[in-house]
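**Student:** For reference, this is my_file-v5.csv, and it has CSV, C-alpha atoms.
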```
chain,number,residue,atom,x,y,z
T,1,MET,CA,-18.2,-10.4,8.2
T,2,GLU,CA,-20.6,-13.0,6.8
T,3,GLY,CA,-18.5,-14.8,4.2
T,4,ASP,CA,-14.8,-15.6,4.4
T,5,ARG,CA,-13.6,-12.5,2.5
T,6,PHE,CA,-14.5,-8.8,2.7
T,7,GLU,CA,-13.4,-6.4,0.1
T,8,ILE,CA,-13.2,-2.6,0.4
T,9,ARG,CA,-12.3,-0.2,-2.4
T,10,LEU,CA,-11.5,3.5,-1.6
T,11,SER,CA,-11.5,5.8,-4.6
T,12,GLY,CA,-11.1,9.4,-5.3
T,13,SER,CA,-8.6,11.9,-6.7
T,14,GLY,CA,-4.9,11.6,-5.9
T,15,GLY,CA,-4.9,14.5,-3.4
T,16,GLN,CA,-7.4,13.0,-1.0
T,17,GLY,CA,-5.2,10.8,1.1
T,18,ILE,CA,-6.9,7.6,0.0
T,19,ILE,CA,-3.7,5.5,0.5
T,20,LEU,CA,-3.2,6.5,4.1
T,21,ALA,CA,-6.9,5.7,4.9
T,22,ALA,CA,-6.4,2.3,3.3
T,23,ILE,CA,-3.3,1.6,5.2
T,24,VAL,CA,-4.9,2.5,8.5
T,25,LEU,CA,-7.9,0.3,7.7
T,26,ALA,CA,-5.6,-2.6,6.8
T,27,GLU,CA,-3.4,-2.4,9.8
T,28,THR,CA,-6.5,-2.1,12.1
T,29,ALA,CA,-8.1,-5.2,10.6
T,30,TRP,CA,-4.8,-7.0,10.9
T,31,VAL,CA,-4.3,-6.4,14.7
T,32,GLN,CA,-7.7,-8.0,15.2
T,33,GLU,CA,-7.4,-11.7,15.9
T,34,GLY,CA,-6.9,-14.2,13.2
T,35,LEU,CA,-7.5,-12.0,10.1
T,36,HIS,CA,-5.3,-11.9,7.0
T,37,VAL,CA,-5.2,-8.6,5.2
T,38,CYS,CA,-3.9,-7.4,1.9
T,39,GLN,CA,-3.7,-3.7,1.0
T,40,THR,CA,-3.0,-2.6,-2.6
T,41,GLN,CA,-2.7,0.5,-4.7
T,42,SER,CA,-2.6,0.3,-8.5
T,43,TYR,CA,-1.3,3.1,-10.6
T,44,GLY,CA,-1.8,3.0,-14.3
T,45,PRO,CA,-1.4,5.6,-17.0
T,46,GLU,CA,-5.1,6.1,-16.9
T,47,ALA,CA,-4.9,7.2,-13.3
T,48,ARG,CA,-2.8,10.2,-14.2
T,49,GLY,CA,-5.9,12.2,-15.2
T,50,GLY,CA,-8.2,11.6,-12.3
T,51,SER,CA,-9.3,8.6,-10.3
T,52,SER,CA,-7.0,6.9,-7.9
T,53,LYS,CA,-7.9,3.8,-5.8
T,54,ALA,CA,-6.6,1.9,-2.9
T,55,GLU,CA,-8.0,-1.5,-1.7
T,56,VAL,CA,-8.2,-3.6,1.4
T,57,VAL,CA,-9.0,-7.3,1.3
T,58,ILE,CA,-9.8,-8.9,4.7
T,59,SER,CA,-10.1,-12.7,5.0
T,60,ARG,CA,-10.3,-15.4,7.6
T,61,SER,CA,-8.0,-17.5,5.5
T,62,GLU,CA,-4.9,-16.9,3.5
T,63,ILE,CA,-5.3,-14.4,0.6
T,64,ASP,CA,-4.4,-15.7,-2.8
T,65,TYR,CA,-5.6,-12.8,-4.9
T,66,PRO,CA,-5.0,-9.5,-3.1
T,67,LYS,CA,-7.1,-7.2,-5.2
T,68,ALA,CA,-10.8,-6.5,-4.8
T,69,ILE,CA,-12.7,-8.3,-7.4
T,70,ARG,CA,-16.3,-7.6,-6.3
T,71,PRO,CA,-16.1,-5.0,-3.5
T,72,ASP,CA,-18.4,-5.3,-0.5
T,73,LEU,CA,-18.0,-1.6,0.1
T,74,LEU,CA,-17.0,1.1,-2.4
T,75,LEU,CA,-16.1,4.6,-1.3
T,76,ALA,CA,-16.3,7.2,-4.1
T,77,MET,CA,-15.0,10.6,-3.2
T,78,THR,CA,-15.5,12.0,-6.7
T,79,GLN,CA,-18.0,11.6,-9.5
T,80,GLU,CA,-15.3,10.1,-11.8
T,81,ALA,CA,-14.5,7.4,-9.3
T,82,CYS,CA,-18.1,6.6,-8.8
T,83,ASP,CA,-18.7,6.3,-12.5
T,84,ALA,CA,-15.5,4.2,-13.0
T,85,TYR,CA,-16.0,1.7,-10.2
T,86,PHE,CA,-19.6,1.4,-9.3
T,87,ASN,CA,-20.2,-1.5,-11.7
T,88,ASP,CA,-17.7,-3.7,-9.8
T,89,LEU,CA,-19.7,-3.5,-6.6
T,90,LYS,CA,-21.4,-6.6,-5.3
T,91,PRO,CA,-25.1,-6.6,-5.9
T,92,GLU,CA,-25.7,-6.3,-2.1
T,93,GLY,CA,-22.6,-4.2,-1.6
T,94,LEU,CA,-22.7,-0.7,-0.2
T,95,LEU,CA,-21.8,2.5,-2.0
T,96,VAL,CA,-20.5,5.3,0.2
T,97,ILE,CA,-20.2,8.7,-1.4
T,98,ASP,CA,-19.3,12.3,-0.6
T,99,SER,CA,-22.7,13.7,-1.1
T,100,GLY,CA,-21.3,17.2,-1.6
T,101,ILE,CA,-19.4,16.1,-4.6
T,102,VAL,CA,-21.0,13.0,-6.1
T,103,LYS,CA,-24.4,14.2,-7.6
T,104,GLN,CA,-25.2,11.4,-10.1
T,105,ILE,CA,-25.8,8.4,-7.9
T,106,PRO,CA,-26.4,5.1,-9.7
T,107,THR,CA,-28.3,3.3,-6.9
T,108,ASP,CA,-30.6,3.9,-3.9
T,109,ARG,CA,-28.5,1.6,-1.8
T,110,VAL,CA,-26.1,4.4,-0.8
T,111,ALA,CA,-24.7,6.0,2.2
T,112,ALA,CA,-24.6,9.6,1.2
T,113,ILE,CA,-22.4,11.5,3.6
T,114,PRO,CA,-21.2,15.1,3.2
T,115,ILE,CA,-17.7,14.0,3.9
T,116,THR,CA,-15.7,17.1,2.8
T,117,LYS,CA,-18.3,19.4,4.5
T,118,ILE,CA,-17.9,17.4,7.8
T,119,ALA,CA,-14.1,17.7,7.5
T,120,ARG,CA,-14.3,21.5,7.0
T,121,GLU,CA,-16.7,21.9,9.9
T,122,THR,CA,-14.8,19.6,12.3
T,123,THR,CA,-11.2,20.7,11.7
T,124,GLY,CA,-11.4,23.6,9.3
T,125,LYS,CA,-9.3,21.5,6.9
T,126,THR,CA,-10.7,19.8,3.8
T,127,LEU,CA,-7.5,17.7,3.8
T,128,THR,CA,-8.9,15.7,6.7
T,129,SER,CA,-11.8,14.5,4.6
T,130,ASN,CA,-9.9,11.2,4.1
T,131,MET,CA,-10.1,10.7,7.8
T,132,VAL,CA,-13.8,11.5,7.9
T,133,ALA,CA,-14.2,8.9,5.1
T,134,LEU,CA,-12.1,6.4,7.0
T,135,GLY,CA,-14.3,6.7,10.1
T,136,ALA,CA,-17.5,6.4,8.2
T,137,VAL,CA,-16.3,3.4,6.1
T,138,ALA,CA,-14.9,1.6,9.2
T,139,ARG,CA,-18.2,2.0,11.0
T,140,LEU,CA,-20.2,0.9,8.0
T,141,THR,CA,-18.1,-2.2,7.3
T,142,GLY,CA,-19.0,-3.7,10.7
T,143,VAL,CA,-15.8,-5.6,10.6
T,144,ILE,CA,-13.4,-3.0,11.8
T,145,SER,CA,-12.8,-2.4,15.6
T,146,LEU,CA,-13.3,1.4,16.1
T,147,LYS,CA,-11.2,1.3,19.3
T,148,LYS,CA,-8.3,-0.2,17.5
T,149,LEU,CA,-8.8,2.2,14.6
T,150,GLU,CA,-8.0,5.2,16.8
T,151,ALA,CA,-4.8,3.5,18.0
T,152,THR,CA,-3.6,2.7,14.5
T,153,LEU,CA,-4.3,6.2,13.3
T,154,LYS,CA,-2.4,7.7,16.2
T,155,LYS,CA,0.6,5.6,15.2
T,156,ARG,CA,0.4,6.4,11.5
T,157,SER,CA,-0.5,10.1,11.6
T,158,PRO,CA,2.3,12.5,10.5
T,159,GLY,CA,3.5,14.6,13.4
T,160,GLY,CA,1.2,17.6,14.1
T,161,PHE,CA,-1.8,16.1,12.3
T,162,GLU,CA,-2.7,13.6,15.0
T,163,GLU,CA,-5.4,15.7,16.8
T,164,ASP,CA,-7.1,16.9,13.6
T,165,ASN,CA,-7.0,13.4,12.2
T,166,LEU,CA,-8.6,11.9,15.3
T,167,ARG,CA,-11.3,14.5,15.4
T,168,ALA,CA,-12.1,14.0,11.8
T,169,LEU,CA,-12.1,10.2,12.3
T,170,ARG,CA,-14.6,10.5,15.1
T,171,ALA,CA,-16.9,12.8,13.1
T,172,GLY,CA,-16.8,10.2,10.3
T,173,VAL,CA,-17.7,7.4,12.7
T,174,ARG,CA,-20.7,9.4,14.0
T,175,ALA,CA,-21.8,10.1,10.4
T,176,GLY,CA,-21.5,6.4,9.6
T,177,LYS,CA,-23.7,5.6,12.6
T,178,LYS,CA,-26.5,7.7,11.3
T,179,VAL,CA,-26.8,5.8,8.1
T,180,PRO,CA,-29.9,3.6,8.4
T,181,LEU,CA,-28.2,0.5,7.1
T,182,ASP,CA,-31.1,-1.8,7.8
T,183,SER,CA,-33.7,0.3,6.0
T,184,LEU,CA,-31.6,0.9,2.9
T,185,PRO,CA,-33.2,-0.7,-0.1
T,186,PRO,CA,-31.5,-3.7,-1.6
T,187,SER,CA,-29.9,-3.1,-4.9
T,188,VAL,CA,-31.9,-4.4,-7.8
T,189,PHE,CA,-30.0,-5.4,-10.9
T,190,PRO,CA,-31.6,-6.5,-14.1
T,191,ASP,CA,-30.2,-10.0,-13.5
T,192,ASP,CA,-31.9,-10.2,-10.1
T,193,GLU,CA,-35.4,-9.3,-11.2
T,194,GLU,CA,-37.8,-12.1,-10.8
T,195,GLU,CA,-40.0,-12.9,-13.7
T,196,ASP,CA,-43.6,-13.9,-13.1
E,1,MET,CA,14.1,-3.1,-17.2
E,2,GLU,CA,14.9,-6.0,-19.4
E,3,GLY,CA,11.7,-7.9,-19.5
E,4,ASP,CA,8.2,-6.6,-19.2
E,5,ARG,CA,7.9,-6.9,-15.5
E,6,PHE,CA,10.1,-5.9,-12.6
E,7,GLU,CA,9.3,-7.1,-9.1
E,8,ILE,CA,10.7,-5.5,-5.9
E,9,ARG,CA,10.2,-6.9,-2.4
E,10,LEU,CA,11.1,-4.8,0.7
E,11,SER,CA,11.2,-6.7,3.9
E,12,GLY,CA,12.2,-6.1,7.5
E,13,SER,CA,10.5,-5.6,10.8
E,14,GLY,CA,7.3,-3.6,11.3
E,15,GLY,CA,9.1,-0.5,12.7
E,16,GLN,CA,11.3,0.1,9.8
E,17,GLY,CA,9.1,2.2,7.5
E,18,ILE,CA,9.0,-0.4,4.8
E,19,ILE,CA,5.6,0.7,3.6
E,20,LEU,CA,6.5,4.3,3.1
E,21,ALA,CA,9.6,3.3,1.2
E,22,ALA,CA,7.4,1.0,-1.1
E,23,ILE,CA,4.9,3.8,-1.7
E,24,VAL,CA,7.5,6.3,-2.7
E,25,LEU,CA,9.1,3.7,-5.0
E,26,ALA,CA,5.7,2.9,-6.6
E,27,GLU,CA,4.7,6.5,-7.1
E,28,THR,CA,8.1,7.4,-8.6
E,29,ALA,CA,7.9,4.6,-11.0
E,30,TRP,CA,4.4,5.6,-11.9
E,31,VAL,CA,5.2,9.2,-12.8
E,32,GLN,CA,7.7,7.8,-15.3
E,33,GLU,CA,6.2,7.5,-18.7
E,34,GLY,CA,4.1,4.6,-19.6
E,35,LEU,CA,4.6,2.4,-16.6
E,36,HIS,CA,2.0,0.5,-14.7
E,37,VAL,CA,2.6,0.0,-11.0
E,38,CYS,CA,1.1,-2.1,-8.2
E,39,GLN,CA,2.0,-1.7,-4.6
E,40,THR,CA,1.0,-4.2,-2.0
E,41,GLN,CA,1.4,-5.0,1.6
E,42,SER,CA,0.2,-8.3,3.1
E,43,TYR,CA,-0.4,-8.8,6.7
E,44,GLY,CA,-1.0,-12.2,8.1
E,45,PRO,CA,-1.1,-13.7,11.6
E,46,GLU,CA,2.5,-14.9,11.0
E,47,ALA,CA,3.7,-11.3,10.5
E,48,ARG,CA,2.8,-10.4,14.1
E,49,GLY,CA,5.9,-11.9,15.4
E,50,GLY,CA,8.5,-10.4,13.1
E,51,SER,CA,8.8,-10.0,9.4
E,52,SER,CA,6.8,-7.5,7.4
E,53,LYS,CA,7.0,-7.0,3.7
E,54,ALA,CA,5.8,-4.5,1.1
E,55,GLU,CA,6.0,-5.0,-2.7
E,56,VAL,CA,6.2,-3.0,-5.8
E,57,VAL,CA,5.5,-4.5,-9.2
E,58,ILE,CA,6.4,-2.4,-12.3
E,59,SER,CA,5.3,-3.3,-15.8
E,60,ARG,CA,5.1,-1.9,-19.3
E,61,SER,CA,1.7,-3.5,-19.7
E,62,GLU,CA,-1.3,-3.9,-17.4
E,63,ILE,CA,-0.7,-5.8,-14.2
E,64,ASP,CA,-2.9,-8.8,-13.7
E,65,TYR,CA,-1.3,-10.3,-10.6
E,66,PRO,CA,-0.1,-7.5,-8.3
E,67,LYS,CA,2.1,-9.4,-6.0
E,68,ALA,CA,5.8,-10.3,-6.5
E,69,ILE,CA,6.1,-13.9,-7.5
E,70,ARG,CA,9.8,-14.1,-8.2
E,71,PRO,CA,11.4,-10.8,-7.1
E,72,ASP,CA,14.1,-9.2,-9.2
E,73,LEU,CA,15.3,-7.4,-6.1
E,74,LEU,CA,14.9,-8.4,-2.5
E,75,LEU,CA,15.7,-6.0,0.3
E,76,ALA,CA,16.1,-7.7,3.7
E,77,MET,CA,16.6,-5.4,6.7
E,78,THR,CA,16.6,-8.3,9.2
E,79,GLN,CA,17.9,-11.9,9.3
E,80,GLU,CA,14.4,-13.2,9.7
E,81,ALA,CA,13.3,-11.5,6.6
E,82,CYS,CA,16.3,-12.7,4.7
E,83,ASP,CA,15.6,-16.3,5.8
E,84,ALA,CA,11.9,-16.1,5.0
E,85,TYR,CA,12.1,-14.6,1.6
E,86,PHE,CA,15.5,-15.4,0.0
E,87,ASN,CA,14.2,-18.5,-1.7
E,88,ASP,CA,11.6,-16.5,-3.7
E,89,LEU,CA,14.3,-14.4,-5.4
E,90,LYS,CA,14.9,-14.9,-9.1
E,91,PRO,CA,18.2,-16.8,-9.8
E,92,GLU,CA,19.7,-13.7,-11.3
E,93,GLY,CA,17.9,-11.4,-8.9
E,94,LEU,CA,19.8,-9.2,-6.5
E,95,LEU,CA,19.7,-9.5,-2.7
E,96,VAL,CA,20.2,-6.2,-0.8
E,97,ILE,CA,20.9,-6.5,2.9
E,98,ASP,CA,21.6,-4.3,5.9
E,99,SER,CA,25.1,-5.7,6.5
E,100,GLY,CA,25.1,-4.5,10.1
E,101,ILE,CA,22.2,-6.7,10.9
E,102,VAL,CA,22.0,-9.6,8.5
E,103,LYS,CA,25.0,-11.8,9.2
E,104,GLN,CA,24.1,-15.2,7.6
E,105,ILE,CA,24.0,-14.4,3.9
E,106,PRO,CA,22.8,-17.1,1.6
E,107,THR,CA,24.5,-16.0,-1.6
E,108,ASP,CA,27.5,-14.2,-2.9
E,109,ARG,CA,25.4,-12.2,-5.3
E,110,VAL,CA,24.6,-9.6,-2.6
E,111,ALA,CA,24.7,-5.9,-2.1
E,112,ALA,CA,25.8,-5.7,1.5
E,113,ILE,CA,25.2,-2.1,2.7
E,114,PRO,CA,25.5,-1.0,6.3
E,115,ILE,CA,22.1,0.7,6.0
E,116,THR,CA,21.3,1.5,9.6
E,117,LYS,CA,24.8,2.6,10.3
E,118,ILE,CA,24.7,5.0,7.3
E,119,ALA,CA,21.3,6.4,8.6
E,120,ARG,CA,22.8,7.0,12.1
E,121,GLU,CA,25.9,8.7,10.6
E,122,THR,CA,23.9,10.8,8.2
E,123,THR,CA,21.0,12.0,10.2
E,124,GLY,CA,21.6,10.8,13.7
E,125,LYS,CA,18.4,8.8,13.5
E,126,THR,CA,18.1,5.1,12.8
E,127,LEU,CA,14.5,5.7,11.9
E,128,THR,CA,15.7,7.1,8.6
E,129,SER,CA,17.2,3.7,7.7
E,130,ASN,CA,14.2,3.1,5.5
E,131,MET,CA,15.1,6.1,3.4
E,132,VAL,CA,18.7,5.0,3.1
E,133,ALA,CA,17.4,1.6,1.9
E,134,LEU,CA,15.0,3.3,-0.5
E,135,GLY,CA,17.9,5.3,-2.1
E,136,ALA,CA,20.1,2.2,-2.4
E,137,VAL,CA,17.3,0.1,-3.8
E,138,ALA,CA,16.2,2.7,-6.3
E,139,ARG,CA,19.8,3.1,-7.6
E,140,LEU,CA,20.3,-0.7,-7.8
E,141,THR,CA,17.1,-1.4,-9.7
E,142,GLY,CA,18.2,0.8,-12.6
E,143,VAL,CA,14.5,1.4,-13.4
E,144,ILE,CA,13.7,4.2,-11.0
E,145,SER,CA,14.4,7.9,-11.9
E,146,LEU,CA,16.5,9.3,-9.0
E,147,LYS,CA,15.5,12.8,-9.7
E,148,LYS,CA,11.8,12.0,-9.6
E,149,LEU,CA,12.4,9.9,-6.5
E,150,GLU,CA,13.4,13.1,-4.5
E,151,ALA,CA,10.3,14.9,-5.7
E,152,THR,CA,8.1,12.1,-4.6
E,153,LEU,CA,9.8,11.8,-1.3
E,154,LYS,CA,9.3,15.5,-0.6
E,155,LYS,CA,5.6,15.2,-1.3
E,156,ARG,CA,5.2,12.1,0.9
E,157,SER,CA,7.4,13.0,3.9
E,158,PRO,CA,5.6,13.8,7.1
E,159,GLY,CA,6.1,17.4,8.0
E,160,GLY,CA,9.4,18.0,9.7
E,161,PHE,CA,11.1,14.9,8.4
E,162,GLU,CA,11.6,16.1,4.9
E,163,GLU,CA,15.2,17.3,5.3
E,164,ASP,CA,16.4,14.2,7.2
E,165,ASN,CA,14.6,11.9,4.8
E,166,LEU,CA,16.2,13.6,1.8
E,167,ARG,CA,19.7,13.4,3.3
E,168,ALA,CA,19.2,9.7,4.2
E,169,LEU,CA,17.9,9.0,0.7
E,170,ARG,CA,21.0,10.6,-1.0
E,171,ALA,CA,23.3,8.7,1.3
E,172,GLY,CA,21.5,5.5,0.2
E,173,VAL,CA,21.9,6.4,-3.5
E,174,ARG,CA,25.6,7.0,-3.0
E,175,ALA,CA,25.9,3.6,-1.2
E,176,GLY,CA,24.0,1.9,-4.0
E,177,LYS,CA,26.4,3.5,-6.6
E,178,LYS,CA,29.4,1.9,-4.9
E,179,VAL,CA,28.1,-1.7,-5.3
E,180,PRO,CA,30.1,-3.3,-8.1
E,181,LEU,CA,27.0,-4.7,-9.8
E,182,ASP,CA,28.8,-5.8,-12.9
E,183,SER,CA,31.4,-7.8,-11.0
E,184,LEU,CA,29.0,-9.5,-8.6
E,185,PRO,CA,29.0,-13.3,-9.2
E,186,PRO,CA,26.0,-14.8,-10.8
E,187,SER,CA,23.9,-16.8,-8.4
E,188,VAL,CA,24.4,-20.5,-8.8
E,189,PHE,CA,21.5,-22.7,-7.9
E,190,PRO,CA,21.5,-26.5,-8.0
E,191,ASP,CA,19.1,-26.5,-10.9
E,192,ASP,CA,21.4,-24.2,-12.9
E,193,GLU,CA,24.6,-26.2,-12.6
E,194,GLU,CA,25.7,-27.6,-15.9
E,195,GLU,CA,26.6,-31.2,-16.0
E,196,ASP,CA,29.6,-32.4,-18.0
```
What does the file become when written as structure tokens?

**Tutor:**
Amino acid sequence: MEGDRFEIRLSGSGGQGIILAAIVLAETAWVQEGLHVCQTQSYGPEARGGSSKAEVVISRSEIDYPKAIRPDLLLAMTQEACDAYFNDLKPEGLLVIDSGIVKQIPTDRVAAIPITKIARETTGKTLTSNMVALGAVARLTGVISLKKLEATLKKRSPGGFEEDNLRALRAGVRAGKKVPLDSLPPSVFPDDEEED
Amino acid sequence: MEGDRFEIRLSGSGGQGIILAAIVLAETAWVQEGLHVCQTQSYGPEARGGSSKAEVVISRSEIDYPKAIRPDLLLAMTQEACDAYFNDLKPEGLLVIDSGIVKQIPTDRVAAIPITKIARETTGKTLTSNMVALGAVARLTGVISLKKLEATLKKRSPGGFEEDNLRALRAGVRAGKKVPLDSLPPSVFPDDEEED
């Protein structure tokens, strides 16, 4: 965490367990020393049709405004979510997509991970894709303790889903590790272009 | 809902399922026509010791600030939570307490409900006290559809807990119904006292 505040937005469709992933992220960050965490979901009439989002804001100091303003990391599990939220991402922020679903990618600075495919191959259940996403996102933030993440997930998993969720989480962490973060191109926005 | 915005704060200790209750409240409000809803939990270093809280803000228009500023309803499942948050309550807001636990009550305008006792008697499990609380709070707000509440809870209950949760919820709704809302005294705050 370079600055004082780190913002994560997870977005997708309602059925993808985005809220559970956000709560596990938030609780994990919180059990790390000295961090303040806010976790929010907003529901509006516009969400009825498609996109849902859940956010986690992590800070070294008290959090005044609990929603993500300029996310450092945006997870988009659907094309609609990617289209709706990409513009909010920080110029140097990271877009994480489910590459089996999101086909129109608005930047080269992207971690393209076949999230749902990994879920299916790992547990046989596409429902665990939120846990694959959680593992990848946690790894890519660099601010979440992966060891504590497993402990939180065990505590928060509904009975009977614990083992599947943990396997999906670990597969997601492995997928996150493979993303060549250092060699991703920086995002170039019109405002950033230098003029000669 | 008299004004445009209705704020609910649920507070207690970490183990009491406050977050699930808040999420079910939020989703239920959201599926009602035309309402915007924000649901937040904040975790700070100070929460490690005792009180946790989760909030739901319901509005007829878009929600700028998603946290409760002056709750219309405060649920306090512990004495610590009651002490920590009572002062934020609106002058005409309603305090709801677990009367088996909270013994020092700062106002006469209170719905004192033996929440944990009802949970134990209804399901044999004190863990379902969050669902008793949810039922009572939903009934007392007057802005939550009780029919839709059951549907949301079914969808959100971890497998195997559905029946217990529904029974606890209904017991909470019944307990909420018994509160003589109209005959509760208004809160009198020093600022409100008329001078002759």

**Student:** Would you mind telling me which residue in T:Lys155, T:Arg120, T:Arg5, T:Lys178 lies nearest to chain E when using all atoms listed in the file?

**Tutor:**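 Between T:Lys155, T:Arg120, T:Arg5, T:Lys178, the residue approaching chain E most closely is T:Lys155.
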
**Student:** As a list in words, please: the residues near Ser99 in chain T (cut-off 9 Å, only C-alpha atoms, same-chain neighbours under 5 positions excluded).

**Tutor:** Met77, Ala111, Ala112, Ile113, Pro114, Ile115 and Thr116 of chain T

**Student:** Residues of chain E near chain T: apply a cut-off of 12 Å, count all atoms listed in the file, and supply the list as a PyMOL selection string.

**Tutor:** chain E and resi 14-15+17+19-20+22-49+52-69+155-162

**Student:** Take CA of Leu89 in chain T and CA of Leu75 in chain T and report the distance between them in Å, one decimal.

**Tutor:** 10.3 Å

**Student:** Which residues are close to Leu134 in chain E, i.e. within 12 Å by only C-alpha atoms, leaving aside same-chain residues fewer than 2 positions away? Reply as a PyMOL selection string.

**Tutor:** chain E and resi 8-11+16-26+28+74-77+96-98+113+115+119+128-132+136-141+144+146+149-150+152-153+165-176

**Student:** Can you work out the spacing between CA of Tyr85 in chain T and CA of Asp72 in chain T in Å, to one decimal?

**Tutor:** 12.2 Å

**Student:** Of the candidates E:Glu163, E:Lys147, E:Pro180, E:Gly12, which shows the shortest atom-to-atom distance to Ala84 in chain E, using all atoms listed in the file?

**Tutor:**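 Going through E:Glu163, E:Lys147, E:Pro180, E:Gly12 one by one, the smallest distance to Ala84 in chain E is for E:Gly12.
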
**Student:** Any chance you could export range 78-92 of chain E with N, CA and C atoms, as a PDB file, in the first residue's frame?

**Tutor:**
```pdb
ATOM      1  N   THR E  78     -25.584  -5.317  22.693  1.00  0.00           N
ATOM      2  CA  THR E  78     -24.732  -5.355  23.885  1.00  0.00           C
ATOM      3  C   THR E  78     -24.753  -3.987  24.570  1.00  0.00           C
ATOM      4  N   GLN E  79     -24.380  -3.993  25.851  1.00  0.00           N
ATOM      5  CA  GLN E  79     -24.299  -2.732  26.597  1.00  0.00           C
ATOM      6  C   GLN E  79     -23.253  -1.807  25.986  1.00  0.00           C
ATOM      7  N   GLU E  80     -22.113  -2.391  25.566  1.00  0.00           N
ATOM      8  CA  GLU E  80     -21.039  -1.584  24.975  1.00  0.00           C
ATOM      9  C   GLU E  80     -21.546  -0.857  23.732  1.00  0.00           C
ATOM     10  N   ALA E  81     -22.283  -1.592  22.898  1.00  0.00           N
ATOM     11  CA  ALA E  81     -22.801  -0.998  21.668  1.00  0.00           C
ATOM     12  C   ALA E  81     -23.801   0.102  21.992  1.00  0.00           C
ATOM     13  N   CYS E  82     -24.635  -0.136  22.989  1.00  0.00           N
ATOM     14  CA  CYS E  82     -25.622   0.875  23.385  1.00  0.00           C
ATOM     15  C   CYS E  82     -24.912   2.139  23.868  1.00  0.00           C
ATOM     16  N   ASP E  83     -23.904   1.947  24.698  1.00  0.00           N
ATOM     17  CA  ASP E  83     -23.154   3.090  25.222  1.00  0.00           C
ATOM     18  C   ASP E  83     -22.439   3.846  24.102  1.00  0.00           C
ATOM     19  N   ALA E  84     -21.884   3.088  23.162  1.00  0.00           N
ATOM     20  CA  ALA E  84     -21.066   3.715  22.122  1.00  0.00           C
ATOM     21  C   ALA E  84     -21.904   4.499  21.116  1.00  0.00           C
ATOM     22  N   TYR E  85     -23.111   4.030  20.827  1.00  0.00           N
ATOM     23  CA  TYR E  85     -23.831   4.580  19.682  1.00  0.00           C
ATOM     24  C   TYR E  85     -25.103   5.333  20.019  1.00  0.00           C
ATOM     25  N   PHE E  86     -25.574   5.259  21.258  1.00  0.00           N
ATOM     26  CA  PHE E  86     -26.865   5.873  21.563  1.00  0.00           C
ATOM     27  C   PHE E  86     -26.913   7.355  21.216  1.00  0.00           C
ATOM     28  N   ASN E  87     -25.819   8.043  21.472  1.00  0.00           N
ATOM     29  CA  ASN E  87     -25.825   9.494  21.264  1.00  0.00           C
ATOM     30  C   ASN E  87     -26.004   9.919  19.812  1.00  0.00           C
ATOM     31  N   ASP E  88     -25.759   8.988  18.890  1.00  0.00           N
ATOM     32  CA  ASP E  88     -25.949   9.332  17.477  1.00  0.00           C
ATOM     33  C   ASP E  88     -27.410   9.301  17.055  1.00  0.00           C
ATOM     34  N   LEU E  89     -28.234   8.599  17.828  1.00  0.00           N
ATOM     35  CA  LEU E  89     -29.641   8.402  17.447  1.00  0.00           C
ATOM     36  C   LEU E  89     -30.364   9.737  17.308  1.00  0.00           C
ATOM     37  N   LYS E  90     -31.267   9.808  16.321  1.00  0.00           N
ATOM     38  CA  LYS E  90     -32.117  10.989  16.173  1.00  0.00           C
ATOM     39  C   LYS E  90     -32.962  11.206  17.417  1.00  0.00           C
ATOM     40  N   PRO E  91     -33.272  12.438  17.760  1.00  0.00           N
ATOM     41  CA  PRO E  91     -34.105  12.681  18.956  1.00  0.00           C
ATOM     42  C   PRO E  91     -35.383  11.847  18.937  1.00  0.00           C
ATOM     43  N   GLU E  92     -36.025  11.726  17.802  1.00  0.00           N
ATOM     44  CA  GLU E  92     -37.252  10.932  17.730  1.00  0.00           C
ATOM     45  C   GLU E  92     -37.009   9.516  17.244  1.00  0.00           C
TER      46      GLU E  92
END
```
